[in-house]
Amino acid sequence: MITVLSGGTGSLKLVQGLLNLIKPEETTIVVNTADDFEWLGLYVSPDLDTSIYLLAGLLDENKFWGIKGDTFHFLNMIKRYGYEDWFSVGDRDLATHFHRTMLIKKGYTLTEATASLCHTLNIKVKILPMSNEKVSTFVKTEKGTFPFQEFWVKRKGKDKVLGVKFEGIKEAKPAPGVIESINKADGVIIGPSNPVTSIGPILGVPSIRETLEDVNVKKICISPIVSSEPISGPAGNLLRGIGVEVSSFGVASIYQGLIDEIFIDNCDEALTESIKTLGIKVFCTNIIMRNEEDKMNLAKLVIKRLGAEK
Ligand code: GDP
């Protein structure tokens, strides 16, 4: 079994590649839920939703969020009624948020609601939220402190970041199955996700980081940074905001003590020696997944380096 720690973009592209090589039943993804928020009274979990849509074959892969071919009649109508429309929710996407909210109202935990959605959509990969407790990301910027979605979607991530906090994280517990998925894995992958607001909260849930540190299995990270920029998203602004260099060295320094090896891009080969001083092995290759072939090639190398080929 392979366990992947994931946000909602880079790691999921890698999971697509991995699924050419390993059975879905032998794949677990532990997903960040610190971006979750309430939208018009509904429980929205952006990274879980993207994971579910991707693995159900429903994802709009051009945007890498939402359902392909979705319509926006509901959003347009509520805009006419005076509601804000900066968070785009399509009509079919709305059905997911509605259903999850109903399940939670009935007493399901987030883990149970996720499992139910996966069962209905015939998803065999185990998708686990990092925690069933509420954890909320706030980004402190020059213009004020904003909940993550407001910082990233409404304000387009433009404000200079000064810091990040995860409300509720100290009281959160790993969701059922998370610790076991790490302890029983044949290899653990920290996917190429945002180290600050996607992987950061997963590792911040008490005992997840410690379990990863202690587990006797190979742990590989794929850097989400090429040269001095992320491939997409606000990771650069966020890394700078927490005082970490925007490079694969900066990413490696966050995961020091946790990973055995980091995959960095060929163009960053010059960072190899400095990363090695952190006690982390370095593997240089193409880490940009532009198409299915890139995803598969990267996944093949990761499985090989994990020593988890069948
Ligand atoms: P979010 O929840 O949408 O922010 O998703 P993630 O945290 O999972 O993914 C965002 C990160 O994925 C960014 O930091 C990107 O640099 C990284 N990323 C996106 N595409 C790729 C890719 O093809 N290769 C690598 N190595 N990283 C990628």
# chains A, B, ... in the order shown; residues from 1 in each chain; ligands from 1
$ residues_near_ligand --ligand "ligand 1" --cutoff "6 Å" --atoms "only C-alpha atoms and all ligand atoms" --output "number ranges by chain"
A: 6-11, 47, 192-194, 198, 222-225, 230-233, 235, 287-290
$ residues_around --residues "region 63-66 of chain A" --least-positions-apart "6" --cutoff "8 Å" --atoms "only C-alpha atoms" --output "list in words"
Thr9, Pro46, Asp49, Thr50, Tyr53, Val89, Gly90 and Asp93 of chain A
$ closest_atom_pairs --of "region 128-210 of chain A" --to "region 251-272 of chain A" --cutoff "10 Å" --atoms "only C-alpha atoms" --output "tab-separated table"
residue	atom	partner	partner_atom	distance
A:Val188	CA	A:Ile259	CA	8.9
A:Ile189	CA	A:Ile259	CA	8.8
A:Ile190	CA	A:Ile259	CA	8.3
A:Pro192	CA	A:Phe263	CA	9.3
A:Asn194	CA	A:Val251	CA	9.3
A:Pro195	CA	A:Val251	CA	6.9
A:Val196	CA	A:Ile254	CA	9.0
A:Ile199	CA	A:Tyr255	CA	10.0
A:Gly200	CA	A:Ile254	CA	9.0
A:Leu203	CA	A:Tyr255	CA	9.7
A:Arg209	CA	A:Leu258	CA	7.6
A:Glu210	CA	A:Leu258	CA	8.6
$ write_last_selection --atoms "N, CA and C atoms" --output "PDB file, in the first residue's frame"
ATOM      1  N   VAL A 188       5.719   6.022   1.668  1.00  0.00           N
ATOM      2  CA  VAL A 188       4.907   7.235   1.869  1.00  0.00           C
ATOM      3  C   VAL A 188       5.433   8.324   0.944  1.00  0.00           C
ATOM      4  N   ILE A 189       4.503   9.006   0.284  1.00  0.00           N
ATOM      5  CA  ILE A 189       4.863  10.094  -0.619  1.00  0.00           C
ATOM      6  C   ILE A 189       4.275  11.397  -0.089  1.00  0.00           C
ATOM      7  N   ILE A 190       5.136  12.392   0.088  1.00  0.00           N
ATOM      8  CA  ILE A 190       4.611  13.741   0.311  1.00  0.00           C
ATOM      9  C   ILE A 190       4.547  14.345  -1.078  1.00  0.00           C
ATOM     10  N   PRO A 192       3.690  16.689  -4.528  1.00  0.00           N
ATOM     11  CA  PRO A 192       4.111  18.057  -4.849  1.00  0.00           C
ATOM     12  C   PRO A 192       2.966  19.051  -4.622  1.00  0.00           C
ATOM     13  N   ASN A 194       1.389  22.311  -2.042  1.00  0.00           N
ATOM     14  CA  ASN A 194       1.841  23.492  -1.316  1.00  0.00           C
ATOM     15  C   ASN A 194       2.308  23.085   0.093  1.00  0.00           C
ATOM     16  N   PRO A 195       3.597  23.285   0.399  1.00  0.00           N
ATOM     17  CA  PRO A 195       4.107  22.829   1.704  1.00  0.00           C
ATOM     18  C   PRO A 195       3.532  23.619   2.880  1.00  0.00           C
ATOM     19  N   VAL A 196       3.035  24.830   2.595  1.00  0.00           N
ATOM     20  CA  VAL A 196       2.564  25.680   3.704  1.00  0.00           C
ATOM     21  C   VAL A 196       1.097  25.400   4.031  1.00  0.00           C
ATOM     22  N   ILE A 199       0.222  20.682   2.724  1.00  0.00           N
ATOM     23  CA  ILE A 199       0.897  19.645   3.516  1.00  0.00           C
ATOM     24  C   ILE A 199       1.095  20.145   4.956  1.00  0.00           C
ATOM     25  N   GLY A 200       1.334  21.465   5.104  1.00  0.00           N
ATOM     26  CA  GLY A 200       1.569  22.037   6.440  1.00  0.00           C
ATOM     27  C   GLY A 200       0.503  21.636   7.453  1.00  0.00           C
ATOM     28  N   LEU A 203       0.597  17.863   8.425  1.00  0.00           N
ATOM     29  CA  LEU A 203       1.697  17.548   9.356  1.00  0.00           C
ATOM     30  C   LEU A 203       1.488  18.216  10.713  1.00  0.00           C
ATOM     31  N   ARG A 209       2.894  14.139  12.187  1.00  0.00           N
ATOM     32  CA  ARG A 209       4.319  14.364  11.906  1.00  0.00           C
ATOM     33  C   ARG A 209       5.183  13.336  12.653  1.00  0.00           C
ATOM     34  N   GLU A 210       4.845  13.119  13.924  1.00  0.00           N
ATOM     35  CA  GLU A 210       5.631  12.191  14.752  1.00  0.00           C
ATOM     36  C   GLU A 210       5.564  10.774  14.176  1.00  0.00           C
TER      37      GLU A 210
END
$ closest_residue --among "A:Ile220, A:Ile280, A:Ala308, A:Leu298" --to "Gly191 (chain A)" --atoms "only C-alpha atoms"
A:Ile220
$ residues_around --residues "region 112-127 of chain A" --least-positions-apart "2" --cutoff "9 Å" --atoms "only C-alpha atoms" --output "MDAnalysis selection string"
chainID A and resid 23:31 48 51:53 55:56 96 99:101 103:104 108:110 129
$ select_by_dssp --residues "region 29-230 of chain A" --states "strand (DSSP E or B)" --output "compact mmCIF listing (two decimals) with C-alpha atoms, in the first residue's frame"
# COMPACT_ATOMS: atom_id res chain seq x y z
CA ILE A 29 -4.52 9.62 0.01
CA VAL A 30 -4.56 11.69 3.18
CA VAL A 31 -6.09 15.00 2.20
CA PHE A 37 -15.34 26.32 4.90
CA GLU A 38 -19.04 26.98 5.01
CA TRP A 39 -20.54 28.37 1.80
CA LEU A 42 -23.05 24.13 2.99
CA TYR A 43 -19.89 22.24 3.96
CA VAL A 44 -17.31 22.73 1.19
CA LEU A 59 -12.97 16.60 -12.68
CA ILE A 67 -16.96 19.15 -12.49
CA LYS A 126 -9.05 5.31 -0.04
CA ILE A 127 -9.56 9.04 0.42
CA LEU A 128 -9.08 10.10 4.03
CA PRO A 129 -9.56 13.61 5.38
CA SER A 131 -8.95 15.10 10.56
CA SER A 136 -9.23 26.67 9.49
CA THR A 137 -6.38 28.38 7.67
CA PHE A 138 -5.96 32.14 8.10
CA VAL A 139 -3.45 34.11 6.06
CA LYS A 140 -2.00 37.25 7.61
CA THR A 141 -1.17 39.82 4.93
CA GLY A 144 -5.33 42.19 6.92
CA THR A 145 -5.90 38.59 7.97
CA PHE A 146 -8.17 36.53 5.74
CA PRO A 147 -9.59 32.99 5.72
CA VAL A 161 1.83 37.29 3.09
CA LEU A 162 3.19 37.93 6.58
CA GLY A 163 2.23 34.66 8.24
CA VAL A 164 -0.17 31.72 8.35
CA LYS A 165 -2.13 30.19 11.22
CA PHE A 166 -4.26 27.09 11.48
CA GLU A 167 -7.07 27.64 13.94
CA PRO A 174 -5.90 12.49 12.99
CA GLY A 187 6.06 3.73 1.01
CA VAL A 188 4.91 7.24 1.87
CA ILE A 189 4.86 10.09 -0.62
CA ILE A 190 4.61 13.74 0.31
CA LYS A 219 9.44 8.48 2.52
CA ILE A 220 9.83 10.56 -0.62
CA CYS A 221 8.75 14.12 -1.36
CA ILE A 222 8.33 15.64 -4.80
CA ILE A 225 8.90 24.32 -6.76
CA VAL A 226 10.94 24.58 -9.95
CA GLU A 229 8.62 29.58 -8.40
CA PRO A 230 5.80 27.11 -7.74
$ decode --residues "region 181-202 of chain A" --atoms "N, CA, C and O atoms" --output "PDB file, in the first residue's frame"
ATOM      1  N   SER A 181      -2.644   4.274   7.989  1.00  0.00           N
ATOM      2  CA  SER A 181      -2.243   4.303   6.573  1.00  0.00           C
ATOM      3  C   SER A 181      -0.758   4.638   6.437  1.00  0.00           C
ATOM      4  O   SER A 181      -0.126   4.268   5.454  1.00  0.00           O
ATOM      5  N   ILE A 182      -0.222   5.342   7.413  1.00  0.00           N
ATOM      6  CA  ILE A 182       1.219   5.652   7.381  1.00  0.00           C
ATOM      7  C   ILE A 182       1.999   4.453   7.919  1.00  0.00           C
ATOM      8  O   ILE A 182       2.978   3.998   7.318  1.00  0.00           O
ATOM      9  N   ASN A 183       1.529   3.911   9.043  1.00  0.00           N
ATOM     10  CA  ASN A 183       2.263   2.810   9.671  1.00  0.00           C
ATOM     11  C   ASN A 183       2.277   1.542   8.827  1.00  0.00           C
ATOM     12  O   ASN A 183       3.215   0.764   8.894  1.00  0.00           O
ATOM     13  N   LYS A 184       1.223   1.324   8.055  1.00  0.00           N
ATOM     14  CA  LYS A 184       1.142   0.080   7.269  1.00  0.00           C
ATOM     15  C   LYS A 184       1.609   0.237   5.828  1.00  0.00           C
ATOM     16  O   LYS A 184       1.541  -0.718   5.044  1.00  0.00           O
ATOM     17  N   ALA A 185       2.043   1.441   5.461  1.00  0.00           N
ATOM     18  CA  ALA A 185       2.382   1.683   4.055  1.00  0.00           C
ATOM     19  C   ALA A 185       3.695   0.993   3.667  1.00  0.00           C
ATOM     20  O   ALA A 185       4.580   0.790   4.497  1.00  0.00           O
ATOM     21  N   ASP A 186       3.792   0.650   2.366  1.00  0.00           N
ATOM     22  CA  ASP A 186       5.064   0.159   1.825  1.00  0.00           C
ATOM     23  C   ASP A 186       5.929   1.337   1.395  1.00  0.00           C
ATOM     24  O   ASP A 186       7.093   1.183   1.057  1.00  0.00           O
ATOM     25  N   GLY A 187       5.331   2.509   1.358  1.00  0.00           N
ATOM     26  CA  GLY A 187       6.057   3.727   1.011  1.00  0.00           C
ATOM     27  C   GLY A 187       5.136   4.917   1.222  1.00  0.00           C
ATOM     28  O   GLY A 187       3.924   4.796   1.021  1.00  0.00           O
ATOM     29  N   VAL A 188       5.719   6.022   1.668  1.00  0.00           N
ATOM     30  CA  VAL A 188       4.907   7.235   1.869  1.00  0.00           C
ATOM     31  C   VAL A 188       5.433   8.324   0.944  1.00  0.00           C
ATOM     32  O   VAL A 188       6.639   8.541   0.829  1.00  0.00           O
ATOM     33  N   ILE A 189       4.503   9.006   0.284  1.00  0.00           N
ATOM     34  CA  ILE A 189       4.863  10.094  -0.619  1.00  0.00           C
ATOM     35  C   ILE A 189       4.275  11.397  -0.089  1.00  0.00           C
ATOM     36  O   ILE A 189       3.076  11.468   0.195  1.00  0.00           O
ATOM     37  N   ILE A 190       5.136  12.392   0.088  1.00  0.00           N
ATOM     38  CA  ILE A 190       4.611  13.741   0.311  1.00  0.00           C
ATOM     39  C   ILE A 190       4.547  14.345  -1.078  1.00  0.00           C
ATOM     40  O   ILE A 190       5.563  14.600  -1.717  1.00  0.00           O
ATOM     41  N   GLY A 191       3.344  14.494  -1.587  1.00  0.00           N
ATOM     42  CA  GLY A 191       3.155  14.902  -2.976  1.00  0.00           C
ATOM     43  C   GLY A 191       3.616  16.325  -3.218  1.00  0.00           C
ATOM     44  O   GLY A 191       3.890  17.081  -2.276  1.00  0.00           O
ATOM     45  N   PRO A 192       3.690  16.689  -4.528  1.00  0.00           N
ATOM     46  CA  PRO A 192       4.111  18.057  -4.849  1.00  0.00           C
ATOM     47  C   PRO A 192       2.966  19.051  -4.622  1.00  0.00           C
ATOM     48  O   PRO A 192       2.397  19.594  -5.556  1.00  0.00           O
ATOM     49  N   SER A 193       2.630  19.223  -3.376  1.00  0.00           N
ATOM     50  CA  SER A 193       1.570  20.153  -2.985  1.00  0.00           C
ATOM     51  C   SER A 193       2.195  21.308  -2.244  1.00  0.00           C
ATOM     52  O   SER A 193       3.369  21.260  -1.862  1.00  0.00           O
ATOM     53  N   ASN A 194       1.389  22.311  -2.042  1.00  0.00           N
ATOM     54  CA  ASN A 194       1.841  23.492  -1.316  1.00  0.00           C
ATOM     55  C   ASN A 194       2.308  23.085   0.093  1.00  0.00           C
ATOM     56  O   ASN A 194       1.512  22.578   0.880  1.00  0.00           O
ATOM     57  N   PRO A 195       3.597  23.285   0.399  1.00  0.00           N
ATOM     58  CA  PRO A 195       4.107  22.829   1.704  1.00  0.00           C
ATOM     59  C   PRO A 195       3.532  23.619   2.880  1.00  0.00           C
ATOM     60  O   PRO A 195       3.542  23.131   4.013  1.00  0.00           O
ATOM     61  N   VAL A 196       3.035  24.830   2.595  1.00  0.00           N
ATOM     62  CA  VAL A 196       2.564  25.680   3.704  1.00  0.00           C
ATOM     63  C   VAL A 196       1.097  25.400   4.031  1.00  0.00           C
ATOM     64  O   VAL A 196       0.764  25.051   5.163  1.00  0.00           O
ATOM     65  N   THR A 197       0.218  25.529   3.026  1.00  0.00           N
ATOM     66  CA  THR A 197      -1.212  25.439   3.355  1.00  0.00           C
ATOM     67  C   THR A 197      -1.890  24.134   2.902  1.00  0.00           C
ATOM     68  O   THR A 197      -3.088  23.973   3.106  1.00  0.00           O
ATOM     69  N   SER A 198      -1.147  23.225   2.272  1.00  0.00           N
ATOM     70  CA  SER A 198      -1.743  21.910   1.957  1.00  0.00           C
ATOM     71  C   SER A 198      -1.106  20.822   2.822  1.00  0.00           C
ATOM     72  O   SER A 198      -1.796  20.115   3.556  1.00  0.00           O
ATOM     73  N   ILE A 199       0.222  20.682   2.724  1.00  0.00           N
ATOM     74  CA  ILE A 199       0.897  19.645   3.516  1.00  0.00           C
ATOM     75  C   ILE A 199       1.095  20.145   4.956  1.00  0.00           C
ATOM     76  O   ILE A 199       1.002  19.367   5.920  1.00  0.00           O
ATOM     77  N   GLY A 200       1.334  21.465   5.104  1.00  0.00           N
ATOM     78  CA  GLY A 200       1.569  22.037   6.440  1.00  0.00           C
ATOM     79  C   GLY A 200       0.503  21.636   7.453  1.00  0.00           C
ATOM     80  O   GLY A 200       0.831  21.111   8.534  1.00  0.00           O
ATOM     81  N   PRO A 201      -0.784  21.834   7.146  1.00  0.00           N
ATOM     82  CA  PRO A 201      -1.805  21.464   8.127  1.00  0.00           C
ATOM     83  C   PRO A 201      -1.873  19.954   8.390  1.00  0.00           C
ATOM     84  O   PRO A 201      -2.104  19.547   9.536  1.00  0.00           O
ATOM     85  N   ILE A 202      -1.633  19.144   7.350  1.00  0.00           N
ATOM     86  CA  ILE A 202      -1.669  17.674   7.589  1.00  0.00           C
ATOM     87  C   ILE A 202      -0.606  17.319   8.626  1.00  0.00           C
ATOM     88  O   ILE A 202      -0.871  16.617   9.607  1.00  0.00           O
TER      89      ILE A 202
END
